[in-house]
Protein chains: 2
Amino acid sequence: MSTTLADLGEEELVRKLTAHLPQGPQVLVGPGDDCAVVDQGGDELLLLKTDAVVAGVHFLTSTAAERVGWKAAARVVSDFAAMGGEAKELLVTIAAEGAVASEWMENLYRGMMRCADQFGASIVGGETVSLAVGTATLIGVSGTGLVPRERLVTRAGGQAGDRLWVTGRLGGSFESERHLDFTPRVREGQWLSAHAHAMMDLSDGLQRDLPRLAQASGLGFTLVEEQLPCHEGCSTGQARCDGEDMELLFAAPRGDWEQKFRAQFPELELTCIGELTAEGPQDLGDGGWQHFQGGKR
Amino acid sequence: MSTTLADLGEEELVRKLTAHLPQGPQVLVGPGDDCAVVDQGGDELLLLKTDAVVAGVHFLTSTAAERVGWKAAARVVSDFAAMGGEAKELLVTIAAEGAVASEWMENLYRGMMRCADQFGASIVGGETVSLAVGTATLIGVSGTGLVPRERLVTRAGGQAGDRLWVTGRLGGSFESERHLDFTPRVREGQWLSAHAHAMMDLSDGLQRDLPRLAQASGLGFTLVEEQLPCHEGCSTGQARCDGEDMELLFAAPRGDWEQKFRAQFPELELTCIGELTAEGPQDLGDGGWQHFQGGKR
């Protein structure tokens, strides 16, 4: 019997598929970080990202289309923020069955446009493809961002002894529908890019995302679960595993940046949740959300 | 009853959706051309494109995955060529059910990598999302290209009196499976960008694409159907309507460029098929391929 995607799992599949990709010398960061990074020779680096949301996985068929549109665009904006950058141009792919109401599509675009507008991005193109009746609607958003060359933060720059921090609170994003209305941490990411050694956004849950940051940095980590900042009504287990928090996770050395951050963003919580270590575990066992293997949701 | 996508049709839908998009001053060309064009301030303009192919629409479930991969990447490379540019970085979105064999995915990537490699593009990132069982596989490719500032050719620059030309031959692309193995006209597009006033690639068939070029240029056109260069076994009607030819259609003034082109590309046919006119019809009636309305295939 041949191996299926479900057997292999997303991470192993991506590892196999991306092992021998053709890449020119201008590609500073390829697959495996929040965005790809391209050196065009100027003061700013080009960030590239593609992402997709699917009915039944990332939103419900009953979800208001405008909220779906916001989420689809905001996820990409958040990825640029996680590198210290900001979104510039977005391209939209909508795959839907012919019977989808055009009003739904207009409201979807309304949500994407609101997000693009709020974060200074342009929507420059799109593609619509028809699917067979009964097929789940898919919204793909890809785009470009820019980050000043000296401000780029990847997942790979963490150093042993860096403390690990998260913005905001975690857990219960689906149940509360926060995943549909979240605010990408753009100004925060840009501010932090002057201080963080490594950074990413929390889309699949700390359980799966924290090991990725540590592994990219070639380090282990400690996590103090009781320190996790939980949304009201959520356990620390939910804060660790639920996913779609879309907050920033970053590693930074001790310094007076923390005090300045709190002064700059007085309404956003900032919590130290652990530390990067030279030795120590690099994963947290099973949990979080993994595509193709029928995860928690 | 609400209006569905099938009622509205793709072109009208796109017109509605893109009427009020947020766009910064750096966006020189938005939706409606082969690519979006962004001015980053340098000698070269940034080209952006997203495209998707779907099982059952753009390929058969029985089609060899490597050919699907080639087609998915080559379509985007062809769009950059149609602006006079070349592809630089590609991002891949694969939406598939969990039961798809990982070997199929590896072969898909093999085809995309072969295309990227041949045309000097880098594959810099990807996204895989799981779909419900029985859902058609979708492969989205988006990416960046570059074109020297003075070489950009859009659909909109045609002038009355320009002659209309096509490269290669037209018709029968699906039946012959040429749509899976076509060669994007990259060198040809770059060469022609010094002479053509307007250009596009033929993806939906001359019947639908030629009026788009004429309308973008604010002109009418004449088409001499009996001059259409038909693939062996194809009628001129097929050459006009079948679609997926992926040849270049362009408008250029009379001049010695034609002779030079034939000397530069001796193995590629080049055929004058009509003329842009100040007056005259701007469409060819019904035909060609339109998404969402259950076209010819």
# chains A, B, ... in the order shown; residues from 1 in each chain; ligands from 1
>>> interface_residues(of="chain B", to="chain A", cutoff="6 Å", atoms="only C-alpha atoms", output="CSV table (one decimal) with N, CA and C atoms, in the first residue's frame")
chain,number,residue,atom,x,y,z
B,3,THR,N,-28.5,36.1,-6.1
B,3,THR,CA,-27.7,35.8,-7.3
B,3,THR,C,-26.5,34.9,-7.0
B,4,THR,N,-26.3,33.9,-7.7
B,4,THR,CA,-25.2,33.0,-7.5
B,4,THR,C,-24.1,33.3,-8.5
B,5,LEU,N,-22.9,32.7,-8.2
B,5,LEU,CA,-21.8,32.9,-9.1
B,5,LEU,C,-22.1,32.5,-10.5
B,6,ALA,N,-22.8,31.4,-10.6
B,6,ALA,CA,-23.2,30.9,-11.9
B,6,ALA,C,-24.0,31.9,-12.7
B,22,PRO,N,-8.5,48.5,-1.9
B,22,PRO,CA,-7.5,49.4,-1.3
B,22,PRO,C,-6.2,49.2,-2.1
B,23,GLN,N,-5.7,50.3,-2.7
B,23,GLN,CA,-4.4,50.2,-3.4
B,23,GLN,C,-3.6,51.4,-3.2
B,24,GLY,N,-2.3,51.2,-2.8
B,24,GLY,CA,-1.4,52.3,-2.6
B,24,GLY,C,-0.8,52.8,-3.9
B,30,GLY,N,-3.4,46.9,-11.3
B,30,GLY,CA,-4.0,46.0,-10.4
B,30,GLY,C,-4.7,44.8,-11.1
B,31,PRO,N,-5.8,44.4,-10.6
B,31,PRO,CA,-6.5,43.2,-11.3
B,31,PRO,C,-6.9,43.6,-12.7
B,36,ALA,N,-0.3,41.7,-11.7
B,36,ALA,CA,-0.2,43.0,-11.1
B,36,ALA,C,1.2,43.6,-11.2
B,98,GLY,N,-6.9,14.0,2.7
B,98,GLY,CA,-5.8,13.3,3.4
B,98,GLY,C,-5.4,12.0,2.8
B,99,ALA,N,-6.3,11.4,1.9
B,99,ALA,CA,-6.0,10.1,1.4
B,99,ALA,C,-5.2,10.2,0.1
B,100,VAL,N,-4.8,11.4,-0.4
B,100,VAL,CA,-4.0,11.5,-1.6
B,100,VAL,C,-2.6,10.9,-1.2
B,101,ALA,N,-2.1,10.1,-2.2
B,101,ALA,CA,-0.8,9.4,-1.9
B,101,ALA,C,0.3,10.4,-1.9
B,102,SER,N,1.2,10.3,-0.9
B,102,SER,CA,2.3,11.2,-0.8
B,102,SER,C,3.2,11.1,-2.1
B,117,ASP,N,13.1,25.4,-12.3
B,117,ASP,CA,14.5,25.2,-12.6
B,117,ASP,C,14.8,25.7,-14.0
B,122,SER,N,12.8,30.4,-8.2
B,122,SER,CA,13.0,29.7,-7.0
B,122,SER,C,11.6,29.3,-6.4
B,124,VAL,N,9.9,29.1,-3.0
B,124,VAL,CA,10.4,29.6,-1.7
B,124,VAL,C,9.4,29.3,-0.5
B,125,GLY,N,8.3,28.7,-0.8
B,125,GLY,CA,7.4,28.4,0.3
B,125,GLY,C,6.1,27.7,-0.2
B,130,SER,N,-5.8,20.4,4.4
B,130,SER,CA,-6.6,19.2,4.2
B,130,SER,C,-8.0,19.5,3.8
B,135,THR,N,-13.1,15.5,-2.2
B,135,THR,CA,-13.0,16.9,-2.7
B,135,THR,C,-11.9,16.9,-3.8
B,291,HIS,N,-15.4,30.5,-16.4
B,291,HIS,CA,-15.6,29.7,-15.2
B,291,HIS,C,-17.0,30.0,-14.6
B,292,PHE,N,-17.5,29.1,-13.8
B,292,PHE,CA,-18.7,29.3,-13.1
B,292,PHE,C,-20.0,29.1,-13.9
>>> residues_around(residues="Leu213 in chain A", least_positions_apart="6", cutoff="8 Å", atoms="only C-alpha atoms", output="list of chain:residue names")
A:Arg155, A:Ala156, A:Gly158, A:Ala198, A:Met199, A:Met200
>>> write_last_selection(atoms="C-alpha atoms", output="PDB file, in the first residue's frame")
ATOM      1  CA  ARG A 155      12.630  31.657  14.050  1.00  0.00           C
ATOM      2  CA  ALA A 156      16.277  30.675  13.913  1.00  0.00           C
ATOM      3  CA  GLY A 158      17.262  32.333  19.419  1.00  0.00           C
ATOM      4  CA  ALA A 198      13.661  34.901  17.248  1.00  0.00           C
ATOM      5  CA  MET A 199       9.937  35.360  16.659  1.00  0.00           C
ATOM      6  CA  MET A 200       6.867  33.672  15.136  1.00  0.00           C
TER       7      MET A 200
END
>>> select_by_dssp(residues="range 91-291 of chain A", states="strand (DSSP E)", output="ChimeraX atom specification")
/A:91-97,122-131,138-148,163-167,198-201,220-223,248-252,270-277
>>> residues_around(residues="Arg187 in chain A", least_positions_apart="5", cutoff="10 Å", atoms="only C-alpha atoms", output="number ranges by chain")
A: 81, 84-86, 119, 192-193, 265
>>> residues_around(residues="Val77 in chain A", least_positions_apart="2", cutoff="8 Å", atoms="only C-alpha atoms", output="JSON list (two decimals) with N, CA and C atoms, in the first residue's frame")
[["chain", "number", "residue", "atom", "x", "y", "z"],
["A", 73, "ALA", "N", -7.22, 37.34, 5.37],
["A", 73, "ALA", "CA", -6.21, 38.37, 5.13],
["A", 73, "ALA", "C", -5.34, 38.59, 6.37],
["A", 74, "ALA", "N", -5.96, 38.58, 7.55],
["A", 74, "ALA", "CA", -5.24, 38.90, 8.78],
["A", 74, "ALA", "C", -4.18, 37.85, 9.11],
["A", 75, "ARG", "N", -4.43, 36.59, 8.72],
["A", 75, "ARG", "CA", -3.44, 35.54, 8.97],
["A", 75, "ARG", "C", -2.12, 35.84, 8.24],
["A", 79, "ASP", "N", 1.68, 36.92, 9.65],
["A", 79, "ASP", "CA", 2.95, 36.27, 9.30],
["A", 79, "ASP", "C", 4.03, 37.30, 8.97],
["A", 80, "PHE", "N", 3.66, 38.36, 8.28],
["A", 80, "PHE", "CA", 4.64, 39.41, 8.00],
["A", 80, "PHE", "C", 5.08, 40.08, 9.30],
["A", 81, "ALA", "N", 4.11, 40.31, 10.20],
["A", 81, "ALA", "CA", 4.42, 40.93, 11.49],
["A", 81, "ALA", "C", 5.40, 40.08, 12.28],
["A", 86, "GLU", "N", 5.83, 44.38, 7.50],
["A", 86, "GLU", "CA", 4.43, 44.74, 7.28],
["A", 86, "GLU", "C", 4.01, 44.32, 5.87],
["A", 87, "ALA", "N", 2.73, 44.01, 5.74],
["A", 87, "ALA", "CA", 2.18, 43.57, 4.46],
["A", 87, "ALA", "C", 2.16, 44.73, 3.47],
["A", 119, "PHE", "N", -4.29, 47.82, 7.69],
["A", 119, "PHE", "CA", -2.85, 47.57, 7.86],
["A", 119, "PHE", "C", -2.02, 48.07, 6.67],
["A", 184, "PRO", "N", -3.88, 41.32, 14.03],
["A", 184, "PRO", "CA", -2.47, 40.95, 13.84],
["A", 184, "PRO", "C", -1.58, 41.94, 14.59],
["A", 186, "VAL", "N", 0.97, 43.82, 14.36],
["A", 186, "VAL", "CA", 1.89, 44.43, 13.40],
["A", 186, "VAL", "C", 2.81, 45.46, 14.05]]
>>> residues_around(residues="His179 in chain A", least_positions_apart="4", cutoff="10 Å", atoms="only C-alpha atoms", output="PyMOL selection string")
chain A and resi 58-59+67-68+70-71+74-75+172-175+183+203+243-246
>>> residues_around(residues="Phe221 in chain A", least_positions_apart="2", cutoff="9 Å", atoms="only C-alpha atoms", output="PyMOL selection string")
chain A and resi 160+164+210-211+214+219+223+274-283
>>> select_by_dssp(residues="range 166-220 of chain A", states="helix (DSSP H, G or I)", output="number ranges by chain")
A: 173-176, 178-180, 186-192, 206-216
>>> write_last_selection(atoms="N, CA and C atoms", output="PDB file, in the first residue's frame")
ATOM      1  N   SER A 173      -9.661  30.079  21.213  1.00  0.00           N
ATOM      2  CA  SER A 173      -9.864  30.980  20.079  1.00  0.00           C
ATOM      3  C   SER A 173     -11.064  30.563  19.223  1.00  0.00           C
ATOM      4  N   PHE A 174     -11.231  29.247  19.024  1.00  0.00           N
ATOM      5  CA  PHE A 174     -12.367  28.788  18.213  1.00  0.00           C
ATOM      6  C   PHE A 174     -13.694  28.994  18.934  1.00  0.00           C
ATOM      7  N   GLU A 175     -13.758  28.503  20.169  1.00  0.00           N
ATOM      8  CA  GLU A 175     -15.016  28.570  20.919  1.00  0.00           C
ATOM      9  C   GLU A 175     -15.503  30.023  21.047  1.00  0.00           C
ATOM     10  N   SER A 176     -14.568  30.923  21.261  1.00  0.00           N
ATOM     11  CA  SER A 176     -14.933  32.333  21.476  1.00  0.00           C
ATOM     12  C   SER A 176     -15.086  33.087  20.162  1.00  0.00           C
ATOM     13  N   ARG A 178     -12.735  34.253  18.536  1.00  0.00           N
ATOM     14  CA  ARG A 178     -11.662  35.252  18.409  1.00  0.00           C
ATOM     15  C   ARG A 178     -10.844  35.046  17.140  1.00  0.00           C
ATOM     16  N   HIS A 179     -10.748  33.782  16.674  1.00  0.00           N
ATOM     17  CA  HIS A 179      -9.938  33.482  15.482  1.00  0.00           C
ATOM     18  C   HIS A 179     -10.467  34.191  14.238  1.00  0.00           C
ATOM     19  N   LEU A 180     -11.705  34.675  14.309  1.00  0.00           N
ATOM     20  CA  LEU A 180     -12.294  35.361  13.160  1.00  0.00           C
ATOM     21  C   LEU A 180     -12.067  36.871  13.181  1.00  0.00           C
ATOM     22  N   VAL A 186       0.967  43.822  14.364  1.00  0.00           N
ATOM     23  CA  VAL A 186       1.889  44.429  13.400  1.00  0.00           C
ATOM     24  C   VAL A 186       2.811  45.458  14.055  1.00  0.00           C
ATOM     25  N   ARG A 187       2.232  46.431  14.742  1.00  0.00           N
ATOM     26  CA  ARG A 187       3.086  47.452  15.375  1.00  0.00           C
ATOM     27  C   ARG A 187       3.972  46.810  16.435  1.00  0.00           C
ATOM     28  N   GLU A 188       3.404  45.833  17.153  1.00  0.00           N
ATOM     29  CA  GLU A 188       4.172  45.145  18.189  1.00  0.00           C
ATOM     30  C   GLU A 188       5.342  44.365  17.579  1.00  0.00           C
ATOM     31  N   GLY A 189       5.079  43.684  16.485  1.00  0.00           N
ATOM     32  CA  GLY A 189       6.137  42.918  15.832  1.00  0.00           C
ATOM     33  C   GLY A 189       7.246  43.822  15.312  1.00  0.00           C
ATOM     34  N   GLN A 190       6.840  44.960  14.749  1.00  0.00           N
ATOM     35  CA  GLN A 190       7.843  45.902  14.242  1.00  0.00           C
ATOM     36  C   GLN A 190       8.687  46.456  15.396  1.00  0.00           C
ATOM     37  N   TRP A 191       8.011  46.762  16.491  1.00  0.00           N
ATOM     38  CA  TRP A 191       8.723  47.291  17.665  1.00  0.00           C
ATOM     39  C   TRP A 191       9.686  46.231  18.223  1.00  0.00           C
ATOM     40  N   LEU A 192       9.175  45.020  18.366  1.00  0.00           N
ATOM     41  CA  LEU A 192       9.970  43.938  18.954  1.00  0.00           C
ATOM     42  C   LEU A 192      11.149  43.525  18.077  1.00  0.00           C
ATOM     43  N   LEU A 206       0.805  26.775  20.971  1.00  0.00           N
ATOM     44  CA  LEU A 206       2.128  26.785  21.590  1.00  0.00           C
ATOM     45  C   LEU A 206       2.763  25.395  21.588  1.00  0.00           C
ATOM     46  N   GLN A 207       1.938  24.403  21.853  1.00  0.00           N
ATOM     47  CA  GLN A 207       2.367  22.997  21.895  1.00  0.00           C
ATOM     48  C   GLN A 207       3.172  22.593  20.661  1.00  0.00           C
ATOM     49  N   ARG A 208       2.735  23.088  19.502  1.00  0.00           N
ATOM     50  CA  ARG A 208       3.441  22.716  18.284  1.00  0.00           C
ATOM     51  C   ARG A 208       4.359  23.838  17.811  1.00  0.00           C
ATOM     52  N   ASP A 209       4.015  25.084  18.104  1.00  0.00           N
ATOM     53  CA  ASP A 209       4.790  26.195  17.560  1.00  0.00           C
ATOM     54  C   ASP A 209       6.068  26.465  18.350  1.00  0.00           C
ATOM     55  N   LEU A 210       6.016  26.340  19.662  1.00  0.00           N
ATOM     56  CA  LEU A 210       7.215  26.585  20.469  1.00  0.00           C
ATOM     57  C   LEU A 210       8.360  25.624  20.098  1.00  0.00           C
ATOM     58  N   PRO A 211       8.092  24.312  19.965  1.00  0.00           N
ATOM     59  CA  PRO A 211       9.177  23.429  19.524  1.00  0.00           C
ATOM     60  C   PRO A 211       9.761  23.821  18.169  1.00  0.00           C
ATOM     61  N   ARG A 212       8.922  24.352  17.293  1.00  0.00           N
ATOM     62  CA  ARG A 212       9.426  24.772  15.980  1.00  0.00           C
ATOM     63  C   ARG A 212      10.433  25.903  16.123  1.00  0.00           C
ATOM     64  N   LEU A 213      10.110  26.878  16.966  1.00  0.00           N
ATOM     65  CA  LEU A 213      11.025  28.001  17.176  1.00  0.00           C
ATOM     66  C   LEU A 213      12.328  27.496  17.796  1.00  0.00           C
ATOM     67  N   ALA A 214      12.203  26.630  18.812  1.00  0.00           N
ATOM     68  CA  ALA A 214      13.404  26.110  19.474  1.00  0.00           C
ATOM     69  C   ALA A 214      14.258  25.306  18.500  1.00  0.00           C
ATOM     70  N   GLN A 215      13.617  24.432  17.749  1.00  0.00           N
ATOM     71  CA  GLN A 215      14.361  23.590  16.810  1.00  0.00           C
ATOM     72  C   GLN A 215      15.022  24.422  15.720  1.00  0.00           C
ATOM     73  N   ALA A 216      14.299  25.453  15.229  1.00  0.00           N
ATOM     74  CA  ALA A 216      14.894  26.321  14.211  1.00  0.00           C
ATOM     75  C   ALA A 216      16.141  27.016  14.750  1.00  0.00           C
TER      76      ALA A 216
END
>>> closest_residue(among="A:Gly233, A:Thr154, A:Ala19, A:Ala251", to="Thr167 in chain A", atoms="only C-alpha atoms")
A:Ala251
>>> residues_around(residues="Arg240 in chain B", least_positions_apart="3", cutoff="9 Å", atoms="only C-alpha atoms", output="list in words")
Leu170, Gly171, Gly205, Leu206, Gln207, Arg208, Glu225, Leu228, Cys230, Ser235, Thr236, Gly237, Gly243, Gly287 and Gly288 of chain B
>>> write_last_selection(atoms="N, CA and C atoms", output="PDB file, in the first residue's frame")
ATOM      1  N   LEU B 170      -2.659  27.293 -32.609  1.00  0.00           N
ATOM      2  CA  LEU B 170      -3.763  27.298 -31.649  1.00  0.00           C
ATOM      3  C   LEU B 170      -4.692  26.101 -31.834  1.00  0.00           C
ATOM      4  N   GLY B 171      -5.423  25.767 -30.778  1.00  0.00           N
ATOM      5  CA  GLY B 171      -6.487  24.758 -30.864  1.00  0.00           C
ATOM      6  C   GLY B 171      -6.073  23.381 -30.378  1.00  0.00           C
ATOM      7  N   GLY B 205      -8.609  31.175 -24.583  1.00  0.00           N
ATOM      8  CA  GLY B 205      -8.980  31.104 -25.995  1.00  0.00           C
ATOM      9  C   GLY B 205      -9.069  32.492 -26.596  1.00  0.00           C
ATOM     10  N   LEU B 206      -8.658  32.579 -27.852  1.00  0.00           N
ATOM     11  CA  LEU B 206      -8.646  33.844 -28.579  1.00  0.00           C
ATOM     12  C   LEU B 206     -10.013  34.531 -28.529  1.00  0.00           C
ATOM     13  N   GLN B 207     -11.055  33.713 -28.621  1.00  0.00           N
ATOM     14  CA  GLN B 207     -12.441  34.197 -28.597  1.00  0.00           C
ATOM     15  C   GLN B 207     -12.707  35.115 -27.402  1.00  0.00           C
ATOM     16  N   ARG B 208     -12.138  34.777 -26.265  1.00  0.00           N
ATOM     17  CA  ARG B 208     -12.379  35.590 -25.077  1.00  0.00           C
ATOM     18  C   ARG B 208     -11.199  36.505 -24.772  1.00  0.00           C
ATOM     19  N   GLU B 225     -10.277  35.106 -39.567  1.00  0.00           N
ATOM     20  CA  GLU B 225     -10.318  33.752 -39.001  1.00  0.00           C
ATOM     21  C   GLU B 225      -9.551  32.741 -39.841  1.00  0.00           C
ATOM     22  N   LEU B 228      -5.922  32.057 -38.956  1.00  0.00           N
ATOM     23  CA  LEU B 228      -5.509  31.492 -37.661  1.00  0.00           C
ATOM     24  C   LEU B 228      -4.609  30.283 -37.868  1.00  0.00           C
ATOM     25  N   CYS B 230      -3.629  26.943 -37.134  1.00  0.00           N
ATOM     26  CA  CYS B 230      -4.282  25.834 -36.426  1.00  0.00           C
ATOM     27  C   CYS B 230      -3.320  24.665 -36.216  1.00  0.00           C
ATOM     28  N   SER B 235      -9.867  22.791 -36.492  1.00  0.00           N
ATOM     29  CA  SER B 235     -10.534  23.783 -37.325  1.00  0.00           C
ATOM     30  C   SER B 235     -10.169  25.181 -36.819  1.00  0.00           C
ATOM     31  N   THR B 236     -10.464  26.186 -37.644  1.00  0.00           N
ATOM     32  CA  THR B 236     -10.226  27.551 -37.170  1.00  0.00           C
ATOM     33  C   THR B 236     -11.143  27.873 -35.990  1.00  0.00           C
ATOM     34  N   GLY B 237     -12.315  27.251 -35.956  1.00  0.00           N
ATOM     35  CA  GLY B 237     -13.213  27.439 -34.814  1.00  0.00           C
ATOM     36  C   GLY B 237     -12.573  26.931 -33.528  1.00  0.00           C
ATOM     37  N   GLY B 243      -9.031  27.231 -26.194  1.00  0.00           N
ATOM     38  CA  GLY B 243      -8.382  27.729 -24.978  1.00  0.00           C
ATOM     39  C   GLY B 243      -7.170  26.927 -24.567  1.00  0.00           C
ATOM     40  N   GLY B 287     -18.280  32.101 -26.710  1.00  0.00           N
ATOM     41  CA  GLY B 287     -17.265  31.094 -26.999  1.00  0.00           C
ATOM     42  C   GLY B 287     -16.131  31.193 -26.020  1.00  0.00           C
ATOM     43  N   GLY B 288     -15.191  30.292 -26.142  1.00  0.00           N
ATOM     44  CA  GLY B 288     -14.092  30.282 -25.189  1.00  0.00           C
ATOM     45  C   GLY B 288     -14.586  29.780 -23.856  1.00  0.00           C
TER      46      GLY B 288
END
>>> atom_distance(atom1="CA of Glu12 in chain B", atom2="CA of Leu248 in chain B")
24.7 Å
>>> closest_residue(among="B:Arg169, B:Arg149, B:Arg15, B:Arg163", to="Pro229 in chain B", atoms="only C-alpha atoms")
B:Arg169
